[in-house]
Amino acid sequence: MKHCKHCGAQLADDDTYCYFCGANLEEEVEKVEAKTFDSYGDNYNDNYAHYHNQTNTLAVVGFVMAFLSPIVGLVLSILGLNRARVMKGVGRKMAVAGIIVAIANFVITFAIYFIYAAYLYAEEGGA
Ligand SMILES: [Zn+2]
């Protein structure tokens with residue numbers, strides 16, 4: 001059992017709202033998370049200033065990794081894009097660029113291997 005922080009009423013442990021006074025019993029942290037996931041809703045202005053001065057590290061790392069390892073870069077860039085949505089658009093362009101570079105890198109790498117394999121096959125066939 002727990003007690004309502006606002007009116008002191010006795011409540012079940014899994015209650016999220018007080019039946020007596022209607023107070024929200026969720027932890028403060030959970031409230032903040034719920035707010036950030038409300039991407040472009042009413043809380044946009046509240047959170048924009050907060051995130052505007054931060055760096056979307058996932059998007060930056062994803063962009064860099066896109067050049068080195070297409071699969072890792074693609075995964076991190078997609079995560080970075082998701083993070084950009086939470087961060088009110090911070091790092092969105094970087095994440096999109098990371099996804100494009102990762103796909104391009106993957107296609108180019110695959111094409112080089114394919115051409116090389118075709119070359120080896122042609123060499124073998126010709127000999
Ligand atoms: Zn209450």
# chains A, B, ... in the order shown; residues from 1 in each chain; ligands from 1
call {"tool": "residues_around", "arguments": {"residues": "Cys21 in chain A", "least_positions_apart": "5", "cutoff": "12 Å", "atoms": "only C-alpha atoms", "output": "list in words"}}
result
His3, Cys4, Lys5, His6, Cys7, Gly8, Ala9, Gln10 and Leu11 of chain A
call {"tool": "residues_around", "arguments": {"residues": "Leu68 in chain A", "least_positions_apart": "4", "cutoff": "9 Å", "atoms": "only C-alpha atoms", "output": "number ranges by chain"}}
result
A: 64, 72-73, 102, 105
call {"tool": "residues_around", "arguments": {"residues": "Thr57 in chain A", "least_positions_apart": "6", "cutoff": "10 Å", "atoms": "only C-alpha atoms", "output": "ChimeraX atom specification"}}
result
/A:63,76,80,83-84,90-91,95
call {"tool": "closest_residue", "arguments": {"among": "A:Ala104, A:Met1, A:Val96, A:Leu79", "to": "Phe67 in chain A", "atoms": "only C-alpha atoms"}}
result
A:Ala104
call {"tool": "closest_residue", "arguments": {"among": "A:Tyr121, A:Ala111, A:Leu58, A:Tyr116", "to": "Arg92 in chain A", "atoms": "only C-alpha atoms"}}
result
A:Leu58
call {"tool": "atom_distance", "arguments": {"atom1": "CA of His52 in chain A", "atom2": "CA of Ile71 in chain A"}}
result
28.6 Å
call {"tool": "atom_distance", "arguments": {"atom1": "CA of Val61 in chain A", "atom2": "CA of Gly98 in chain A"}}
result
8.9 Å
call {"tool": "closest_residue", "arguments": {"among": "A:Lys2, A:Met87, A:Phe20, A:Asp13", "to": "ligand 1", "atoms": "only C-alpha atoms and all ligand atoms"}}
result
A:Phe20
call {"tool": "closest_residue", "arguments": {"among": "A:Val75, A:Asn82, A:Gly89, A:Cys18", "to": "Asn53 in chain A", "atoms": "only C-alpha atoms"}}
result
A:Gly89
call {"tool": "closest_residue", "arguments": {"among": "A:Arg85, A:Tyr17, A:Met94, A:Ala12", "to": "ligand 1", "atoms": "only C-alpha atoms and all ligand atoms"}}
result
A:Tyr17
call {"tool": "atom_distance", "arguments": {"atom1": "CA of Val86 in chain A", "atom2": "CA of Glu26 in chain A"}}
result
20.2 Å
call {"tool": "closest_residue", "arguments": {"among": "A:Ser69, A:Ile103, A:Lys93, A:Gly22", "to": "Asn56 in chain A", "atoms": "only C-alpha atoms"}}
result
A:Lys93
